[in-house]
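Visitor: Next up, target.txt (compact mmCIF, C-alpha atoms and all ligand atoms).
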```txt
# COMPACT_ATOMS: atom_id res chain seq x y z
CA MET A 1 23.17 11.67 -36.19
CA ASN A 2 21.77 13.45 -33.18
CA ASP A 3 21.22 11.72 -29.92
CA THR A 4 17.70 11.61 -28.53
CA THR A 5 18.66 12.62 -25.04
CA GLN A 6 21.47 14.99 -25.90
CA SER A 7 19.44 18.07 -25.08
CA ILE A 8 17.66 16.93 -21.93
CA GLN A 9 18.12 19.58 -19.31
CA TRP A 10 18.50 17.93 -15.96
CA PHE A 11 18.43 19.64 -12.63
CA PRO A 12 20.99 17.76 -10.54
CA GLY A 13 21.79 20.56 -8.10
CA HIS A 14 19.13 19.59 -5.60
CA MET A 15 20.28 16.09 -4.68
CA ALA A 16 22.73 17.19 -1.97
CA LYS A 17 19.95 19.09 -0.21
CA THR A 18 17.55 16.15 -0.46
CA ARG A 19 20.24 13.77 0.80
CA ARG A 20 20.70 15.96 3.89
CA LYS A 21 16.96 16.21 4.52
CA ILE A 22 16.52 12.45 4.27
CA LYS A 23 19.36 11.87 6.69
CA VAL A 24 17.68 14.10 9.26
CA ILE A 25 14.33 12.40 8.84
CA LEU A 26 15.49 8.76 8.81
CA PRO A 27 15.57 8.27 12.59
CA LEU A 28 11.91 9.34 12.74
CA ILE A 29 10.56 6.86 10.23
CA ASP A 30 10.04 3.10 10.35
CA ALA A 31 9.94 2.22 6.66
CA VAL A 32 10.20 3.62 3.16
CA ALA A 33 7.58 3.25 0.44
CA GLU A 34 9.21 3.82 -2.92
CA VAL A 35 6.86 4.65 -5.78
CA VAL A 36 8.14 3.61 -9.22
CA ASP A 37 6.56 3.44 -12.67
CA ALA A 38 5.67 -0.22 -13.33
CA ARG A 39 6.46 0.24 -17.04
CA ILE A 40 10.06 1.21 -16.24
CA PRO A 41 10.75 0.10 -12.66
CA GLN A 42 14.50 0.61 -12.91
CA SER A 43 14.69 3.85 -14.88
CA SER A 44 12.07 5.46 -12.67
CA ARG A 45 14.17 5.01 -9.53
CA ASN A 46 16.66 7.26 -7.90
CA PRO A 47 20.02 5.50 -8.25
CA GLU A 48 21.07 6.35 -4.70
CA ILE A 49 17.93 5.19 -2.96
CA LYS A 50 19.45 2.10 -1.38
CA GLU A 51 22.22 4.06 0.29
CA LEU A 52 19.92 6.93 1.19
CA ILE A 53 17.53 4.82 3.22
CA GLU A 54 20.33 3.03 5.09
CA GLY A 55 18.68 -0.37 5.37
CA LYS A 56 15.23 0.82 6.49
CA PRO A 57 12.50 -1.70 5.62
CA HIS A 58 11.51 -0.95 2.06
CA ILE A 59 8.29 -1.44 0.10
CA ILE A 60 8.16 -0.84 -3.64
CA LEU A 61 4.91 0.35 -5.18
CA LEU A 62 4.84 -0.58 -8.85
CA ASN A 63 2.49 2.23 -9.77
CA LYS A 64 0.62 2.81 -13.04
CA CYS A 65 0.25 -0.95 -13.26
CA ASP A 66 -2.90 -0.26 -15.28
CA MET A 67 -0.57 0.80 -18.11
CA ALA A 68 2.03 -1.94 -17.75
CA ASP A 69 2.27 -5.51 -19.02
CA LYS A 70 0.76 -7.58 -16.18
CA THR A 71 3.08 -10.56 -16.71
CA VAL A 72 6.17 -8.37 -16.58
CA THR A 73 4.90 -6.60 -13.45
CA GLU A 74 4.45 -9.98 -11.74
CA GLN A 75 8.03 -10.87 -12.70
CA TRP A 76 9.24 -7.65 -11.07
CA ILE A 77 7.32 -8.48 -7.90
CA SER A 78 9.08 -11.87 -7.70
CA TYR A 79 12.40 -10.25 -8.53
CA TYR A 80 12.13 -7.83 -5.61
CA LYS A 81 10.83 -10.54 -3.31
CA LYS A 82 14.05 -12.50 -3.91
CA GLN A 83 15.90 -9.41 -2.68
CA GLY A 84 13.80 -9.30 0.47
CA ILE A 85 11.78 -6.31 -0.69
CA ILE A 86 7.99 -6.38 -0.70
CA ALA A 87 6.65 -5.03 -3.99
CA ILE A 88 3.00 -4.52 -4.87
CA ALA A 89 1.33 -3.52 -8.11
CA VAL A 90 -0.87 -0.46 -7.70
CA ASP A 91 -2.89 1.93 -9.78
CA CYS A 92 -3.08 5.14 -7.82
CA LYS A 93 -5.48 6.68 -10.28
CA SER A 94 -8.22 4.18 -9.55
CA GLY A 95 -6.90 2.95 -6.21
CA LYS A 96 -6.51 -0.62 -7.43
CA GLY A 97 -4.04 -2.64 -5.36
CA LEU A 98 -3.83 -0.07 -2.57
CA SER A 99 -5.72 -2.27 -0.14
CA LEU A 100 -2.52 -4.34 0.05
CA PHE A 101 -0.43 -1.43 1.21
CA LYS A 102 -1.16 -1.41 4.95
CA ASP A 103 -0.62 -5.14 5.26
CA SER A 104 2.62 -4.82 3.30
CA VAL A 105 3.84 -2.20 5.77
CA LYS A 106 2.92 -4.48 8.67
CA THR A 107 4.72 -7.42 7.05
CA ALA A 108 7.82 -5.32 6.38
CA LEU A 109 7.76 -4.13 10.00
CA ALA A 110 6.71 -7.39 11.66
CA ASP A 111 9.77 -7.40 13.95
CA LYS A 112 9.18 -3.84 15.05
CA LEU A 113 5.48 -4.49 15.72
CA GLU A 114 6.38 -7.52 17.80
CA ALA A 115 8.88 -5.45 19.78
CA TYR A 116 6.22 -2.77 20.38
CA LYS A 117 3.86 -5.48 21.58
CA GLN A 118 6.43 -6.86 24.00
CA LYS A 119 6.92 -3.38 25.43
CA GLY A 120 3.19 -2.78 25.65
CA MET A 121 3.42 -0.01 23.07
CA ILE A 122 0.32 -1.12 21.23
CA GLY A 123 -1.19 1.62 19.12
CA LYS A 124 2.05 3.45 18.32
CA PRO A 125 1.64 4.48 14.67
CA LEU A 126 4.04 3.30 12.01
CA ARG A 127 5.70 6.07 10.08
CA VAL A 128 6.46 5.57 6.43
CA MET A 129 8.34 7.94 4.15
CA VAL A 130 7.06 8.00 0.57
CA VAL A 131 9.83 8.53 -1.99
CA GLY A 132 10.05 8.56 -5.75
CA ILE A 133 11.30 10.61 -8.67
CA PRO A 134 8.94 13.27 -10.09
CA ASN A 135 5.88 12.02 -11.96
CA VAL A 136 5.78 8.45 -10.71
CA GLY A 137 2.57 9.18 -8.81
CA LYS A 138 3.58 9.98 -5.22
CA SER A 139 0.91 12.64 -4.78
CA SER A 140 -1.70 10.41 -6.38
CA PHE A 141 -0.70 7.64 -3.98
CA ILE A 142 -0.93 9.83 -0.89
CA ASN A 143 -4.22 11.38 -2.00
CA LYS A 144 -5.74 8.03 -2.74
CA ILE A 145 -4.60 6.26 0.40
CA ALA A 146 -5.36 9.19 2.67
CA GLY A 147 -8.76 9.79 1.06
CA LYS A 148 -11.14 12.19 2.71
CA THR A 149 -9.82 11.50 6.19
CA ARG A 150 -6.50 13.02 5.26
CA ALA A 151 -5.12 15.33 7.89
CA LYS A 152 -1.83 17.06 7.67
CA VAL A 153 0.39 16.83 10.73
CA GLU A 154 3.19 19.30 10.96
CA ASN A 155 5.88 20.68 13.23
CA ARG A 156 6.86 17.46 14.92
CA PRO A 157 9.79 17.82 17.29
CA GLY A 158 13.01 17.52 15.34
CA VAL A 159 11.30 17.75 12.00
CA THR A 160 11.88 20.69 9.74
CA ARG A 161 8.89 22.92 9.27
CA GLY A 162 7.20 22.21 5.99
CA ASN A 163 7.66 18.47 6.02
CA GLN A 164 4.45 16.94 4.81
CA TRP A 165 3.11 14.37 7.26
CA PHE A 166 -0.24 12.72 6.65
CA THR A 167 -2.21 10.74 9.18
CA ILE A 168 -3.82 7.84 7.38
CA ASP A 169 -5.33 6.16 10.42
CA LYS A 170 -4.38 5.41 14.03
CA GLN A 171 -1.77 2.94 12.87
CA LEU A 172 -0.15 4.69 9.95
CA GLU A 173 1.41 8.05 9.14
CA LEU A 174 3.02 8.97 5.85
CA LEU A 175 5.68 11.53 5.09
CA ASP A 176 6.03 12.91 1.58
CA THR A 177 9.56 12.93 0.08
CA PRO A 178 11.49 15.68 1.80
CA GLY A 179 12.99 17.22 -1.34
CA VAL A 180 13.29 16.01 -4.89
CA LEU A 181 14.82 12.70 -5.89
CA TRP A 182 16.08 12.58 -9.46
CA PRO A 183 16.55 9.60 -11.77
CA LYS A 184 19.92 8.44 -13.07
CA PHE A 185 20.64 11.52 -15.17
CA GLU A 186 23.80 10.34 -16.78
CA ASP A 187 22.30 7.24 -18.38
CA LYS A 188 20.88 7.98 -21.84
CA ALA A 189 18.66 4.90 -21.86
CA VAL A 190 17.07 6.10 -18.62
CA GLY A 191 16.35 9.53 -20.13
CA GLU A 192 14.78 7.93 -23.19
CA ARG A 193 12.53 5.65 -21.19
CA LEU A 194 11.37 8.50 -19.00
CA ALA A 195 10.63 10.44 -22.17
CA PHE A 196 8.67 7.56 -23.71
CA THR A 197 6.39 7.50 -20.67
CA GLY A 198 6.03 11.28 -20.71
CA ALA A 199 7.90 11.88 -17.45
CA VAL A 200 10.35 14.05 -19.40
CA LYS A 201 8.72 16.54 -21.73
CA ASP A 202 9.00 16.14 -25.51
CA ARG A 203 9.80 19.74 -26.18
CA ILE A 204 13.34 19.23 -24.91
CA LEU A 205 13.80 16.13 -27.04
CA ASP A 206 13.96 15.26 -30.70
CA THR A 207 10.55 13.68 -31.13
CA GLU A 208 11.38 11.76 -34.29
CA LEU A 209 14.48 10.19 -32.83
CA LEU A 210 12.56 9.33 -29.70
CA ALA A 211 9.79 7.68 -31.70
CA MET A 212 12.38 5.73 -33.72
CA ARG A 213 13.95 4.44 -30.51
CA LEU A 214 10.55 3.48 -29.17
CA LEU A 215 9.82 1.61 -32.40
CA GLU A 216 13.11 -0.29 -32.05
CA ILE A 217 12.10 -1.44 -28.59
CA LEU A 218 8.50 -2.22 -29.51
CA SER A 219 9.48 -4.15 -32.62
CA GLU A 220 11.74 -6.28 -30.46
CA LYS A 221 9.40 -6.84 -27.51
CA TYR A 222 5.85 -6.18 -28.72
CA ARG A 223 5.88 -6.73 -32.49
CA ASP A 224 2.43 -8.32 -32.38
CA LEU A 225 0.92 -5.27 -30.72
CA LEU A 226 2.42 -2.98 -33.35
CA VAL A 227 0.92 -5.13 -36.09
CA SER A 228 -2.49 -5.20 -34.38
CA ARG A 229 -2.47 -1.44 -34.07
CA PHE A 230 -0.99 -0.41 -37.43
CA GLY A 231 -1.48 -3.42 -39.68
CA GLU A 232 1.18 -5.47 -41.49
CA LEU A 233 4.61 -3.85 -41.30
CA ASP A 234 7.95 -4.77 -42.85
CA PHE A 235 10.34 -5.08 -39.91
CA GLU A 236 13.37 -5.78 -42.11
CA CYS A 237 14.33 -2.12 -42.21
CA ASP A 238 15.76 0.57 -39.99
CA SER A 239 13.69 2.45 -37.45
CA TYR A 240 13.35 5.52 -39.68
CA ASP A 241 11.72 3.41 -42.40
CA LEU A 242 9.54 1.77 -39.80
CA LEU A 243 8.39 5.20 -38.60
CA CYS A 244 7.62 6.08 -42.24
CA GLN A 245 5.56 2.92 -42.62
CA VAL A 246 3.61 3.60 -39.44
CA GLY A 247 2.92 7.18 -40.58
CA LYS A 248 1.81 6.04 -44.03
CA LYS A 249 -0.59 3.57 -42.46
CA ARG A 250 -2.28 6.61 -40.93
CA GLY A 251 -2.20 8.62 -44.15
CA MET A 252 0.41 11.04 -42.82
CA VAL A 253 1.88 11.76 -46.23
CA ILE A 254 3.23 15.06 -47.50
CA ARG A 255 4.09 16.30 -50.99
CA GLY A 256 6.00 13.81 -53.08
CA GLY A 257 4.50 10.88 -51.19
CA GLU A 258 6.89 11.12 -48.27
CA THR A 259 5.77 10.45 -44.72
CA ASP A 260 5.29 13.39 -42.39
CA THR A 261 7.63 11.84 -39.84
CA GLU A 262 7.10 14.53 -37.23
CA ARG A 263 3.36 13.90 -37.16
CA ALA A 264 3.96 10.17 -37.23
CA ALA A 265 6.35 10.44 -34.30
CA ASN A 266 3.93 12.51 -32.23
CA MET A 267 1.12 10.09 -33.01
CA LEU A 268 3.19 7.07 -32.04
CA LEU A 269 4.33 8.57 -28.74
CA GLU A 270 0.83 9.74 -27.90
CA GLU A 271 -0.65 6.33 -28.67
CA TYR A 272 2.01 4.60 -26.59
CA ARG A 273 1.39 6.93 -23.62
CA ASN A 274 -2.35 6.47 -23.82
CA CYS A 275 -1.96 2.68 -23.97
CA LYS A 276 -3.63 2.55 -27.37
CA ILE A 277 -0.92 0.20 -28.64
CA GLY A 278 -1.44 -2.01 -25.60
CA LEU A 279 -0.22 -2.54 -22.06
CA ILE A 280 3.51 -2.35 -22.49
CA SER A 281 6.45 -2.62 -20.10
CA LEU A 282 9.70 -1.27 -21.43
CA GLU A 283 11.96 -2.87 -18.84
CA SER A 284 12.01 -6.53 -18.02
CA VAL A 285 13.63 -8.44 -15.22
CA ASP A 286 15.97 -10.45 -17.49
CA GLU A 287 17.67 -7.25 -18.72
CA ASN A 288 18.40 -6.48 -15.13
CA ALA A 289 19.78 -9.85 -14.09
P1 LIG B 1 4.29 12.83 -8.47
O1 LIG B 1 3.60 13.33 -7.25
O2 LIG B 1 5.14 11.63 -8.19
O3 LIG B 1 5.06 13.87 -9.22
O4 LIG B 1 3.17 12.28 -9.49
P2 LIG B 1 1.61 12.61 -9.58
O5 LIG B 1 0.87 11.97 -8.47
O6 LIG B 1 1.42 14.06 -9.78
O7 LIG B 1 1.25 11.81 -10.91
C1 LIG B 1 1.83 12.14 -12.17
C2 LIG B 1 0.85 11.77 -13.27
O8 LIG B 1 0.65 10.35 -13.27
C3 LIG B 1 -0.55 12.38 -13.12
O9 LIG B 1 -1.06 12.58 -14.43
C4 LIG B 1 -1.34 11.25 -12.47
O10 LIG B 1 -2.73 11.35 -12.69
C5 LIG B 1 -0.75 10.06 -13.18
N1 LIG B 1 -0.86 8.82 -12.39
C6 LIG B 1 -0.49 8.61 -11.11
N2 LIG B 1 -0.71 7.34 -10.75
C7 LIG B 1 -1.26 6.72 -11.82
C8 LIG B 1 -1.69 5.38 -12.07
O11 LIG B 1 -1.60 4.46 -11.24
N3 LIG B 1 -2.19 5.13 -13.31
C9 LIG B 1 -2.27 6.08 -14.27
N4 LIG B 1 -2.78 5.72 -15.46
N5 LIG B 1 -1.85 7.35 -14.08
C10 LIG B 1 -1.36 7.65 -12.86
P3 LIG B 1 -1.14 13.98 -15.09
O12 LIG B 1 -1.38 13.79 -16.54
O13 LIG B 1 0.04 14.81 -14.68
O14 LIG B 1 -2.38 14.58 -14.41
P4 LIG B 1 -3.91 14.08 -14.49
O15 LIG B 1 -4.02 13.08 -15.60
O16 LIG B 1 -4.21 13.48 -13.18
O17 LIG B 1 -4.63 15.34 -14.76
```
Step by step, read the file and then write its structure as structure tokens.
Guide:
Amino acid sequence: MNDTTQSIQWFPGHMAKTRRKIKVILPLIDAVAEVVDARIPQSSRNPEIKELIEGKPHIILLNKCDMADKTVTEQWISYYKKQGIIAIAVDCKSGKGLSLFKDSVKTALADKLEAYKQKGMIGKPLRVMVVGIPNVGKSSFINKIAGKTRAKVENRPGVTRGNQWFTIDKQLELLDTPGVLWPKFEDKAVGERLAFTGAVKDRILDTELLAMRLLEILSEKYRDLLVSRFGELDFECDSYDLLCQVGKKRGMVIRGGETDTERAANMLLEEYRNCKIGLISLESVDENA
């Protein structure tokens, strides 16, 4: 049998360049705001991020929290807190949760702010680098937090031309990721999860296999939501049969009474991505312990 992620075309060549750019920029920034997808907080991270930021204070934005399971998101927040990382749940489409961001930066940089105060350097803006793999919502975050007052600041001394600095207010400046940070390419489960959420495009994947994998996960974690959405299902079967059942429930039947599994797969993935099945998190803290 084929593998769902066998044909994903990754683009790993750029990481060395990004690594270099981040190294240059690190001395100029005070903290890092990492945007991740709350539905898959681990898979939507760059695996090298910890080393790349070399111990800079770190805030995690669990974005797209409007699409994730609230209880699971809260568990992730506690999980990161235990590691000394401030995490907040945000929805950068509506702006929900973003009011916590500035205070989170101040909390993460409390020591630095105190030192500034001692030296009479009140008013020196804090500089935060926003990082994240493609599609997690970095641009949405910057647009939302910068709002109409957004002003681009460029050509700082020592900063490569083209770096995207944004003045948020007198106290805060943001820098967009200098380069592209990729997810953990080599891990098939990571590729699948990114594909479920739509971060990796379907056309490079086998849609039916992807939908079958999603059904496996949903029937384990969110069986009740599947039943509410599609009606009674027999779970004592393999994921192909389950996909057939789901398709049949929607009348996706072709000649001979067989299910049109391609249509069923597309429907399932589309309904998952649009949260029609429910608010679902595909990665939980206990799997990560
Ligand atoms: P990036 O810079 O990290 O690559 O991500 P970007 O902001 O472009 O966001 C990627 C997609 O995710 C966009 O959807 C964006 O609207 C959506 N998005 C970002 N944050 C949130 C969020 O908190 N909740 C929800 N539900 N969606 C979010 P798109 O389909 O590419 O574009 P569009 O729908 O805005 O037209």
Visitor: Please put the answer as lines of an AutoDock Vina configuration file: centre and edge lengths, in Å with one decimal, of a box along x, y and z that encloses all listed atoms of ligand LIG 1 (chain B) plus 4 Å on each side.
Guide:
```
center_x = 0.3
center_y = 9.9
center_z = -11.9
size_x = 17.8
size_y = 18.9
size_z = 17.3
```
Visitor: Please, which residues have at least one atom within 12 Å of an atom of ligand LIG 1 (chain B), using only C-alpha atoms and all ligand atoms, listed as a ChimeraX atom specification?
Guide: /A:34-39,44-45,61-68,88-98,130-145,176-177,179-182,197-201,273-275,279
Visitor: Could you work out how far atom CA of A:Ile168 lies from atom CA of A:Gln83, giving the answer in Å with one decimal?
Guide: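 Separation between atom CA of A:Gln83 and atom CA of A:Ile168: 28.1 Å.
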Visitor: How many Å separate atom CA of A:Gln118 from atom CA of A:Phe166?
Guide: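 Computing it gives 27.0 Å between the two atoms.
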Visitor: Enter the distance from atom CA of A:Cys244 to atom CA of A:Ala189, in Å, rounded to one decimal.
Guide: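 Interatomic distance here is 23.2 Å.
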Visitor: Residues within 12 Å of A:Glu54, please, as a PyMOL selection string. Count only C-alpha atoms; anything in the same chain fewer than 3 positions from it doesn't count.
Guide: chain A and resi 19+22-23+25-27+29-32+48-51+57-58
Visitor: Would you mind listing what lies within 9 Å of A:Arg223 as a list in words, with all atoms listed in the file counted and same-chain residues fewer than 5 positions away left out?
Guide: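 In the requested form, the answer reads Leu218, Ser228 and Phe235 of chain A.
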Visitor: A:Glu192, A:Glu216, A:Asp111, A:Asp241: which is nearest A:Asp260, counting all atoms listed in the file?
Guide: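 For A:Asp260, the nearest of the candidates is A:Asp241.
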Visitor: Go through A:Glu236, A:Asp169, A:Glu114, A:Glu271 one by one, measure the shortest atom-to-atom distance of each to A:Glu220 using only C-alpha atoms, and give the residue with the smallest value.
Guide: A:Glu236
Visitor: Give the answer as one residue: which of A:Glu173, A:Met129, A:Ala33, A:Glu283 has the shortest atom-to-atom distance to A:Phe101, using all atoms listed in the file?
Guide: A:Ala33
Visitor: For the point (6.7, -0.2, -34.9) in the file's frame, write as a PyMOL selection string all residues with an atom no more than 12 Å away, counting only C-alpha atoms.
Guide: chain A and resi 211-247+249+264-265+267-269+271-272+277
Visitor: Using only C-alpha atoms, please write the residues we just selected to a file, as a tab-separated table (two decimals), keeping the file's coordinate frame.
Guide:
```tsv
chain	number	residue	atom	x	y	z
A	211	ALA	CA	9.79	7.68	-31.70
A	212	MET	CA	12.38	5.73	-33.72
A	213	ARG	CA	13.95	4.44	-30.51
A	214	LEU	CA	10.55	3.48	-29.17
A	215	LEU	CA	9.82	1.61	-32.40
A	216	GLU	CA	13.11	-0.29	-32.05
A	217	ILE	CA	12.10	-1.44	-28.59
A	218	LEU	CA	8.50	-2.22	-29.51
A	219	SER	CA	9.48	-4.15	-32.62
A	220	GLU	CA	11.74	-6.28	-30.46
A	221	LYS	CA	9.40	-6.84	-27.51
A	222	TYR	CA	5.85	-6.18	-28.72
A	223	ARG	CA	5.88	-6.73	-32.49
A	224	ASP	CA	2.43	-8.32	-32.38
A	225	LEU	CA	0.92	-5.27	-30.72
A	226	LEU	CA	2.42	-2.98	-33.35
A	227	VAL	CA	0.92	-5.13	-36.09
A	228	SER	CA	-2.49	-5.20	-34.38
A	229	ARG	CA	-2.47	-1.44	-34.07
A	230	PHE	CA	-0.99	-0.41	-37.43
A	231	GLY	CA	-1.48	-3.42	-39.68
A	232	GLU	CA	1.18	-5.47	-41.49
A	233	LEU	CA	4.61	-3.85	-41.30
A	234	ASP	CA	7.95	-4.77	-42.85
A	235	PHE	CA	10.34	-5.08	-39.91
A	236	GLU	CA	13.37	-5.78	-42.11
A	237	CYS	CA	14.33	-2.12	-42.21
A	238	ASP	CA	15.76	0.57	-39.99
A	239	SER	CA	13.69	2.45	-37.45
A	240	TYR	CA	13.35	5.52	-39.68
A	241	ASP	CA	11.72	3.41	-42.40
A	242	LEU	CA	9.54	1.77	-39.80
A	243	LEU	CA	8.39	5.20	-38.60
A	244	CYS	CA	7.62	6.08	-42.24
A	245	GLN	CA	5.56	2.92	-42.62
A	246	VAL	CA	3.61	3.60	-39.44
A	247	GLY	CA	2.92	7.18	-40.58
A	249	LYS	CA	-0.59	3.57	-42.46
A	264	ALA	CA	3.96	10.17	-37.23
A	265	ALA	CA	6.35	10.44	-34.30
A	267	MET	CA	1.12	10.09	-33.01
A	268	LEU	CA	3.19	7.07	-32.04
A	269	LEU	CA	4.33	8.57	-28.74
A	271	GLU	CA	-0.65	6.33	-28.67
A	272	TYR	CA	2.01	4.60	-26.59
A	277	ILE	CA	-0.92	0.20	-28.64
```
Visitor: With distances taken over all atoms listed in the file, which residue among A:Val105, A:Leu209, A:Ile85, A:Val190 lies nearest A:Gln171?
Guide: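 Closest residue, counting all atoms listed in the file: A:Val105.
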Visitor: I need the residue nearest A:Gly191 from this list: A:Val24, A:Lys170, A:Ser43, A:Lys17. Use all atoms listed in the file for the distance.
Guide: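 Nearest candidate to A:Gly191 out of A:Val24, A:Lys170, A:Ser43, A:Lys17: A:Ser43.
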